[in-house]
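**Student:** Please find data24.cif (mmCIF, C-alpha atoms) on the next line:
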```
data_upload
loop_
_atom_site.label_atom_id
_atom_site.label_comp_id
_atom_site.auth_asym_id
_atom_site.auth_seq_id
_atom_site.Cartn_x
_atom_site.Cartn_y
_atom_site.Cartn_z
CA MET A 1 -1.33 22.62 1.81
CA ARG A 2 1.36 20.09 2.74
CA ARG A 3 0.13 20.03 6.31
CA SER A 4 -3.43 19.32 5.13
CA TRP A 5 -2.24 16.32 3.11
CA LEU A 6 -0.27 15.04 6.06
CA MET A 7 -3.20 15.42 8.47
CA LEU A 8 -5.54 13.67 6.02
CA GLY A 9 -3.16 10.73 5.70
CA LEU A 10 -2.74 10.41 9.46
CA ALA A 11 -6.51 10.57 9.99
CA LEU A 12 -6.97 7.79 7.44
CA LEU A 13 -4.36 5.69 9.24
CA SER A 14 -6.30 5.92 12.48
CA VAL A 15 -9.41 4.66 10.68
CA GLY A 16 -7.41 1.73 9.31
CA TRP A 17 -5.95 0.92 12.71
CA ALA A 18 -9.49 0.70 14.13
CA PHE A 19 -10.25 -2.12 11.68
CA SER A 20 -6.97 -4.03 12.08
CA THR A 21 -8.21 -6.51 14.69
CA TRP A 22 -11.50 -7.38 12.93
CA GLY A 23 -10.45 -10.69 11.42
CA MET A 24 -8.88 -11.08 8.02
CA THR A 25 -11.20 -8.55 6.38
CA GLY A 26 -10.39 -5.92 8.99
CA HIS A 27 -6.71 -6.65 8.56
CA MET A 28 -7.05 -6.14 4.83
CA VAL A 29 -8.95 -2.86 5.25
CA ALA A 30 -6.17 -1.59 7.55
CA HIS A 31 -3.51 -2.85 5.15
CA MET A 32 -5.06 -1.21 2.10
CA ILE A 33 -5.64 2.06 3.93
CA ALA A 34 -1.97 2.11 4.99
CA VAL A 35 -0.39 1.34 1.60
CA ALA A 36 -2.89 2.69 -0.92
CA VAL A 37 -5.11 5.29 0.74
CA ALA A 38 -3.16 7.02 3.55
CA ALA A 39 0.34 6.76 2.05
CA PRO A 40 -0.34 8.99 -1.01
CA PRO A 41 -1.51 12.06 0.97
CA ILE A 42 1.28 11.53 3.51
CA ALA A 43 3.79 11.36 0.64
CA LEU A 44 2.34 14.58 -0.78
CA GLY A 45 2.57 16.20 2.64
CA LEU A 46 6.23 15.23 2.97
CA GLN A 47 7.21 15.90 -0.65
CA GLY A 48 10.35 17.98 -0.92
CA THR A 49 10.97 18.12 2.84
CA ARG A 50 13.83 16.51 4.72
CA PHE A 51 11.41 13.68 5.68
CA ASP A 52 10.56 12.82 2.07
CA PRO A 53 11.75 9.24 1.38
CA ALA A 54 12.53 10.25 -2.22
CA VAL A 55 15.00 12.81 -0.80
CA ARG A 56 16.35 10.74 2.11
CA LEU A 57 16.65 7.39 0.29
CA PRO A 58 17.33 8.22 -3.35
CA ARG A 59 18.63 4.75 -4.26
CA LEU A 60 15.64 2.93 -2.76
CA ALA A 61 13.11 5.57 -3.76
CA THR A 62 13.18 4.88 -7.46
CA PRO A 63 9.73 3.79 -8.57
CA LEU A 64 10.54 0.26 -9.71
CA ALA A 65 12.84 -0.48 -6.74
CA ALA A 66 10.18 0.83 -4.35
CA ALA A 67 7.51 -1.25 -6.11
CA MET A 68 9.60 -4.41 -5.72
CA ILE A 69 10.30 -3.68 -2.03
CA GLU A 70 6.59 -3.03 -1.48
CA ALA A 71 5.68 -6.30 -3.20
CA VAL A 72 8.11 -8.34 -1.07
CA VAL A 73 6.79 -6.80 2.17
CA VAL A 74 3.12 -7.18 1.21
CA TRP A 75 3.45 -10.77 -0.02
CA GLY A 76 5.67 -11.64 2.94
CA TRP A 77 3.12 -10.49 5.53
CA HIS A 78 0.49 -12.64 3.80
CA VAL A 79 2.41 -15.85 4.42
CA PRO A 80 0.10 -17.68 6.86
CA ALA A 81 2.71 -17.99 9.64
CA LEU A 82 3.39 -14.23 9.64
CA ARG A 83 -0.34 -13.45 9.47
CA ARG A 84 -0.82 -15.64 12.53
CA LEU A 85 1.88 -13.71 14.42
CA ALA A 86 0.29 -10.37 13.52
CA ASP A 87 -3.16 -11.59 14.54
CA HIS A 88 -2.07 -12.87 17.93
CA GLY A 89 0.63 -10.47 19.06
CA LEU A 90 0.30 -6.68 19.29
CA PRO A 91 4.02 -6.05 18.63
CA TRP A 92 3.77 -8.09 15.43
CA LEU A 93 0.59 -6.30 14.38
CA ILE A 94 2.32 -2.95 14.93
CA ALA A 95 5.38 -4.14 12.97
CA GLU A 96 3.15 -5.31 10.13
CA GLN A 97 1.16 -2.08 9.90
CA VAL A 98 4.26 0.12 10.23
CA SER A 99 6.01 -1.84 7.48
CA PHE A 100 2.93 -1.52 5.25
CA LEU A 101 2.91 2.23 5.78
CA ALA A 102 6.69 2.49 5.28
CA VAL A 103 6.71 0.65 1.95
CA GLY A 104 3.55 2.42 0.81
CA LEU A 105 5.13 5.76 1.65
CA LEU A 106 8.37 4.78 -0.09
CA LEU A 107 6.48 3.77 -3.22
CA TRP A 108 4.22 6.83 -3.38
CA ALA A 109 7.10 9.21 -2.60
CA ALA A 110 9.12 7.64 -5.40
CA VAL A 111 6.37 7.77 -8.00
CA LEU A 112 5.32 11.32 -7.08
CA ALA A 113 8.88 12.66 -7.39
CA PRO A 114 8.93 14.87 -10.51
CA ARG A 115 12.05 13.18 -11.92
CA HIS A 116 10.37 9.76 -12.01
CA ARG A 117 7.08 10.37 -13.79
CA ALA A 118 7.32 7.71 -16.53
CA ALA A 119 8.85 5.10 -14.23
CA GLY A 120 6.20 6.02 -11.65
CA VAL A 121 3.43 5.09 -14.06
CA ALA A 122 5.04 1.69 -14.67
CA ALA A 123 5.61 1.09 -10.94
CA LEU A 124 1.99 1.84 -10.05
CA LEU A 125 0.68 -0.40 -12.83
CA VAL A 126 2.97 -3.24 -11.69
CA THR A 127 1.81 -2.71 -8.11
CA SER A 128 -1.81 -2.75 -9.26
CA MET A 129 -1.20 -6.11 -10.94
CA HIS A 130 0.50 -7.76 -7.97
CA MET A 131 -2.15 -6.46 -5.53
CA THR A 132 -4.89 -7.76 -7.82
CA LEU A 133 -3.16 -11.13 -8.12
CA LEU A 134 -2.64 -11.52 -4.37
CA GLY A 135 -6.23 -10.42 -3.69
CA ALA A 136 -7.51 -12.97 -6.21
CA LEU A 137 -5.37 -15.76 -4.75
CA ILE A 138 -6.60 -15.01 -1.24
CA GLY A 139 -10.22 -14.54 -2.28
CA LEU A 140 -10.44 -17.57 -4.57
CA ALA A 141 -8.55 -20.05 -2.40
CA PRO A 142 -10.73 -23.15 -1.94
CA ARG A 143 -9.82 -23.46 1.74
CA PRO A 144 -8.88 -21.08 4.53
CA LEU A 145 -5.24 -20.05 4.24
CA TYR A 146 -5.51 -18.30 7.57
CA SER A 147 -7.26 -20.97 9.62
CA HIS A 148 -6.27 -19.27 12.87
CA HIS A 149 -9.29 -16.99 12.51
CA ASP A 150 -12.55 -17.90 14.21
CA MET A 151 -15.64 -19.37 12.57
CA GLY A 152 -16.31 -18.34 9.01
CA ALA A 153 -12.61 -18.25 8.15
CA LEU A 154 -13.15 -18.96 4.46
CA ALA A 155 -15.86 -16.30 4.04
CA ASP A 156 -13.73 -13.78 5.96
CA GLN A 157 -10.72 -14.62 3.80
CA GLN A 158 -12.78 -14.32 0.60
CA MET A 159 -14.06 -10.88 1.63
CA ALA A 160 -10.49 -9.84 2.49
CA GLY A 161 -9.36 -10.94 -0.95
CA VAL A 162 -12.10 -8.85 -2.54
CA VAL A 163 -11.05 -5.81 -0.47
CA MET A 164 -7.43 -6.22 -1.59
CA LEU A 165 -8.36 -6.87 -5.18
CA LEU A 166 -10.67 -3.86 -5.42
CA VAL A 167 -8.88 -1.28 -3.29
CA GLY A 168 -5.34 -2.28 -4.26
CA GLY A 169 -6.10 -2.78 -7.91
CA VAL A 170 -8.17 0.38 -8.27
CA ALA A 171 -5.99 2.71 -6.15
CA TYR A 172 -2.77 1.88 -7.97
CA LEU A 173 -4.40 1.71 -11.39
CA CYS A 174 -6.04 5.11 -10.90
CA GLY A 175 -2.79 6.54 -9.55
CA GLY A 176 -0.91 5.20 -12.57
CA LEU A 177 -3.48 6.53 -15.01
CA ALA A 178 -3.51 9.96 -13.31
CA MET A 179 0.28 10.10 -13.51
CA LEU A 180 0.17 9.02 -17.16
CA ALA A 181 -2.30 11.83 -17.91
CA ARG A 182 0.03 14.35 -16.21
CA LEU A 183 3.00 12.99 -18.12
CA LEU A 184 1.20 13.23 -21.46
CA GLN A 185 -0.08 16.71 -20.64
CA THR A 186 3.44 17.86 -19.77
CA LYS A 187 4.81 16.44 -23.04
CA GLU A 188 1.97 18.04 -25.02
CA GLU A 189 2.65 21.43 -23.38
CA ALA A 190 6.36 21.09 -24.17
CA HIS A 191 5.56 20.52 -27.86
CA ALA A 192 3.06 23.39 -28.08
#
```
Using the file provided, produce a representation of the structure as C-alpha coordinates.

**Tutor:**
Amino acid sequence: MRRSWLMLGLALLSVGWAFSTWGMTGHMVAHMIAVAVAAPPIALGLQGTRFDPAVRLPRLATPLAAAMIEAVVVWGWHVPALRRLADHGLPWLIAEQVSFLAVGLLLWAAVLAPRHRAAGVAALLVTSMHMTLLGALIGLAPRPLYSHHDMGALADQQMAGVVMLLVGGVAYLCGGLAMLARLLQTKEEAHA
(Lines of atoms letter the chains of each structure in order from A and count residues from 1; the text may use other names and numbers.)
(Lines give C-alpha, C1' and ligand atoms only; values in the text may rest on other atoms or scores of the structure.)
Protein backbone atom coordinates (compact mmCIF):
# COMPACT_ATOMS: atom_id res chain seq x y z
CA MET A 1 0.00 0.00 0.00
CA ARG A 2 2.84 2.39 0.84
CA ARG A 3 4.33 1.89 -2.59
CA SER A 4 0.99 2.71 -4.23
CA TRP A 5 0.79 6.01 -2.34
CA LEU A 6 4.33 6.84 -3.31
CA MET A 7 3.76 6.05 -6.98
CA LEU A 8 0.55 8.12 -7.02
CA GLY A 9 2.37 11.11 -5.53
CA LEU A 10 5.22 10.85 -8.02
CA ALA A 11 2.79 10.56 -10.94
CA LEU A 12 1.00 13.69 -9.74
CA LEU A 13 4.32 15.53 -9.54
CA SER A 14 5.05 14.76 -13.18
CA VAL A 15 1.67 16.24 -14.13
CA GLY A 16 2.49 19.38 -12.15
CA TRP A 17 5.92 19.68 -13.73
CA ALA A 18 4.29 19.62 -17.18
CA PHE A 19 2.35 22.77 -16.26
CA SER A 20 5.21 24.65 -14.58
CA THR A 21 6.27 26.68 -17.62
CA TRP A 22 2.76 27.76 -18.67
CA GLY A 23 2.82 31.27 -17.28
CA MET A 24 1.74 32.21 -13.80
CA THR A 25 -1.31 29.93 -13.87
CA GLY A 26 0.80 26.93 -14.89
CA HIS A 27 3.29 27.78 -12.17
CA MET A 28 0.49 27.85 -9.63
CA VAL A 29 -0.93 24.52 -10.81
CA ALA A 30 2.54 22.95 -10.45
CA HIS A 31 3.00 24.60 -7.06
CA MET A 32 -0.33 23.43 -5.69
CA ILE A 33 0.16 19.91 -7.01
CA ALA A 34 3.57 19.76 -5.29
CA VAL A 35 2.53 21.07 -1.85
CA ALA A 36 -1.12 20.08 -1.55
CA VAL A 37 -1.89 17.22 -3.93
CA ALA A 38 1.27 15.11 -4.44
CA ALA A 39 2.87 15.66 -1.01
CA PRO A 40 0.11 13.91 1.02
CA PRO A 41 0.29 10.56 -0.82
CA ILE A 42 4.09 10.73 -0.84
CA ALA A 43 4.03 11.38 2.92
CA LEU A 44 1.71 8.40 3.37
CA GLY A 45 4.02 6.27 1.24
CA LEU A 46 7.03 7.23 3.36
CA GLN A 47 5.26 7.15 6.73
CA GLY A 48 7.20 5.19 9.31
CA THR A 49 10.16 4.48 7.02
CA ARG A 50 13.68 5.83 7.39
CA PHE A 51 12.81 8.43 4.70
CA ASP A 52 9.85 9.82 6.64
CA PRO A 53 10.58 13.49 7.50
CA ALA A 54 8.66 13.06 10.77
CA VAL A 55 11.18 10.35 11.73
CA ARG A 56 14.32 11.96 10.27
CA LEU A 57 13.64 15.56 11.38
CA PRO A 58 11.61 15.32 14.58
CA ARG A 59 12.29 18.90 15.69
CA LEU A 60 11.26 20.43 12.36
CA ALA A 61 8.48 17.93 11.69
CA THR A 62 6.12 19.18 14.35
CA PRO A 63 2.93 20.38 12.68
CA LEU A 64 3.10 24.05 13.62
CA ALA A 65 6.85 24.36 12.93
CA ALA A 66 6.37 22.66 9.56
CA ALA A 67 3.42 24.94 8.77
CA MET A 68 5.51 28.03 9.50
CA ILE A 69 8.43 26.75 7.39
CA GLU A 70 6.02 25.97 4.56
CA ALA A 71 4.49 29.45 4.79
CA VAL A 72 7.90 31.17 4.63
CA VAL A 73 8.95 29.14 1.58
CA VAL A 74 5.65 29.60 -0.25
CA TRP A 75 5.40 33.34 0.41
CA GLY A 76 9.10 33.77 -0.34
CA TRP A 77 8.85 32.20 -3.80
CA HIS A 78 5.95 34.55 -4.59
CA VAL A 79 8.08 37.65 -4.15
CA PRO A 80 8.18 39.05 -7.70
CA ALA A 81 11.99 38.97 -7.99
CA LEU A 82 12.15 35.27 -7.07
CA ARG A 83 9.22 34.46 -9.36
CA ARG A 84 11.11 36.15 -12.19
CA LEU A 85 14.19 33.99 -11.50
CA ALA A 86 12.10 30.80 -11.50
CA ASP A 87 10.37 31.80 -14.73
CA HIS A 88 13.56 32.55 -16.60
CA GLY A 89 16.08 30.05 -15.30
CA LEU A 90 15.64 26.27 -15.23
CA PRO A 91 17.88 25.81 -12.15
CA TRP A 92 15.74 28.31 -10.25
CA LEU A 93 12.53 26.65 -11.41
CA ILE A 94 13.86 23.29 -10.22
CA ALA A 95 14.91 24.81 -6.88
CA GLU A 96 11.48 26.38 -6.48
CA GLN A 97 9.56 23.19 -7.25
CA VAL A 98 11.85 21.01 -5.12
CA SER A 99 11.48 23.40 -2.19
CA PHE A 100 7.69 23.38 -2.61
CA LEU A 101 7.68 19.59 -2.54
CA ALA A 102 10.10 19.48 0.41
CA VAL A 103 8.06 21.80 2.61
CA GLY A 104 4.81 20.19 1.52
CA LEU A 105 6.21 16.78 2.39
CA LEU A 106 7.53 18.07 5.73
CA LEU A 107 4.13 19.51 6.59
CA TRP A 108 2.08 16.49 5.56
CA ALA A 109 4.50 14.05 7.24
CA ALA A 110 4.26 16.08 10.44
CA VAL A 111 0.48 16.30 10.49
CA LEU A 112 -0.01 12.64 9.55
CA ALA A 113 2.28 11.42 12.35
CA PRO A 114 0.02 9.72 14.93
CA ARG A 115 1.53 11.66 17.85
CA HIS A 116 0.55 15.02 16.35
CA ARG A 117 -3.12 14.64 15.49
CA ALA A 118 -4.54 17.69 17.31
CA ALA A 119 -1.63 19.94 16.35
CA GLY A 120 -1.93 18.59 12.81
CA VAL A 121 -5.50 19.84 12.57
CA ALA A 122 -4.41 23.32 13.67
CA ALA A 123 -1.44 23.34 11.28
CA LEU A 124 -3.57 22.41 8.28
CA LEU A 125 -6.19 25.03 9.13
CA VAL A 126 -3.48 27.70 9.50
CA THR A 127 -1.99 26.60 6.18
CA SER A 128 -5.42 26.76 4.56
CA MET A 129 -5.78 30.35 5.78
CA HIS A 130 -2.39 31.55 4.56
CA MET A 131 -2.82 29.84 1.16
CA THR A 132 -6.25 31.44 0.81
CA LEU A 133 -4.87 34.84 1.77
CA LEU A 134 -1.93 34.66 -0.64
CA GLY A 135 -4.22 33.41 -3.42
CA ALA A 136 -6.62 36.29 -2.78
CA LEU A 137 -3.80 38.86 -2.74
CA ILE A 138 -2.42 37.55 -6.03
CA GLY A 139 -5.83 37.20 -7.66
CA LEU A 140 -7.25 40.54 -6.52
CA ALA A 141 -4.17 42.69 -7.13
CA PRO A 142 -5.18 45.64 -9.33
CA ARG A 143 -2.01 45.40 -11.42
CA PRO A 144 0.33 42.63 -12.51
CA LEU A 145 2.72 41.71 -9.71
CA TYR A 146 4.59 39.46 -12.09
CA SER A 147 4.93 41.76 -15.10
CA HIS A 148 7.67 39.59 -16.57
CA HIS A 149 4.99 37.35 -18.07
CA ASP A 150 3.82 37.93 -21.62
CA MET A 151 0.58 39.59 -22.71
CA GLY A 152 -2.39 39.11 -20.45
CA ALA A 153 -0.25 39.21 -17.31
CA LEU A 154 -3.06 40.47 -15.08
CA ALA A 155 -5.58 37.87 -16.28
CA ASP A 156 -2.96 35.12 -15.92
CA GLN A 157 -2.12 36.33 -12.43
CA GLN A 158 -5.80 36.49 -11.46
CA MET A 159 -6.37 32.91 -12.64
CA ALA A 160 -3.26 31.81 -10.72
CA GLY A 161 -4.65 33.45 -7.60
CA VAL A 162 -7.92 31.58 -8.04
CA VAL A 163 -6.04 28.28 -8.45
CA MET A 164 -4.09 28.91 -5.24
CA LEU A 165 -7.12 30.10 -3.34
CA LEU A 166 -9.26 27.13 -4.36
CA VAL A 167 -6.75 24.27 -4.37
CA GLY A 168 -4.71 25.47 -1.40
CA GLY A 169 -7.67 26.52 0.67
CA VAL A 170 -9.73 23.42 -0.08
CA ALA A 171 -6.91 20.82 0.16
CA TYR A 172 -5.69 21.97 3.55
CA LEU A 173 -9.16 22.65 4.91
CA CYS A 174 -10.36 19.18 3.87
CA GLY A 175 -7.19 17.62 5.26
CA GLY A 176 -7.70 19.43 8.56
CA LEU A 177 -11.36 18.45 8.76
CA ALA A 178 -10.56 14.81 7.93
CA MET A 179 -7.92 14.76 10.65
CA LEU A 180 -10.34 16.38 13.10
CA ALA A 181 -12.93 13.69 12.32
CA ARG A 182 -10.31 10.97 12.98
CA LEU A 183 -9.27 12.66 16.20
CA LEU A 184 -12.86 12.91 17.43
CA GLN A 185 -13.58 9.32 16.41
CA THR A 186 -10.51 8.11 18.31
CA LYS A 187 -11.56 10.04 21.43
CA GLU A 188 -15.12 8.71 21.14
CA GLU A 189 -13.85 5.13 20.83
CA ALA A 190 -11.61 5.64 23.87
CA HIS A 191 -14.62 6.76 25.94
CA ALA A 192 -16.87 3.92 24.77

**Student:** Could you give me, as CSV, a per-residue list for range 97-132 of chain A showing, wherever an atom lies at most 9 Å from an atom of range 59-81 of chain A, the closest pair of atoms and their distance in Å to one decimal, using all atoms listed in the file and sorting by chain then residue number from low to high?

**Tutor:**
```
residue,atom,partner,partner_atom,distance
A:Ser99,CA,A:Val73,CA,7.3
A:Phe100,CA,A:Val74,CA,7.0
A:Ala102,CA,A:Glu70,CA,8.7
A:Val103,CA,A:Glu70,CA,5.0
A:Gly104,CA,A:Glu70,CA,6.6
A:Leu106,CA,A:Ala61,CA,6.0
A:Leu107,CA,A:Ala66,CA,4.9
A:Trp108,CA,A:Pro63,CA,8.2
A:Ala109,CA,A:Ala61,CA,7.1
A:Ala110,CA,A:Ala61,CA,4.8
A:Val111,CA,A:Pro63,CA,5.2
A:Leu112,CA,A:Pro63,CA,8.9
A:Ala113,CA,A:Thr62,CA,8.9
A:His116,CA,A:Pro63,CA,6.9
A:Arg117,CA,A:Pro63,CA,8.8
A:Ala119,CA,A:Pro63,CA,5.9
A:Gly120,CA,A:Pro63,CA,5.2
A:Val121,CA,A:Pro63,CA,8.5
A:Ala122,CA,A:Leu64,CA,7.5
A:Ala123,CA,A:Leu64,CA,5.1
A:Leu124,CA,A:Ala67,CA,7.5
A:Val126,CA,A:Ala67,CA,7.5
A:Thr127,CA,A:Ala67,CA,6.2
A:His130,CA,A:Ala71,CA,7.2
A:Met131,CA,A:Ala71,CA,8.2
```

**Student:** For CA of Leu140 in chain A and CA of Phe19 in chain A, determine how far apart the two atoms are, in Å to one decimal place.

**Tutor:**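 Spanning CA of Leu140 in chain A to CA of Phe19 in chain A is a straight-line distance of 22.4 Å.
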
**Student:** Using CA of Ile42 in chain A and CA of Arg182 in chain A as the two end points, give the distance in Å to one decimal.

**Tutor:**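 Separating CA of Ile42 in chain A from CA of Arg182 in chain A is a distance of 20.0 Å.
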
**Student:** Around the point (1.1, -0.8, 9.5) (coordinates from the file), which residues reach within 10 Å if we count all atoms listed in the file? Answer as a PyMOL selection string.

**Tutor:** chain A and resi 13+16-17+20+27+30-35+92-104

**Student:** Starting from the displayed file, determine the output of the PyMOL selection byres ((chain A and resi 161) around 10) and express the residue list as a PyMOL selection string.

**Tutor:** chain A and resi 24-25+28+131-141+155-160+162-167
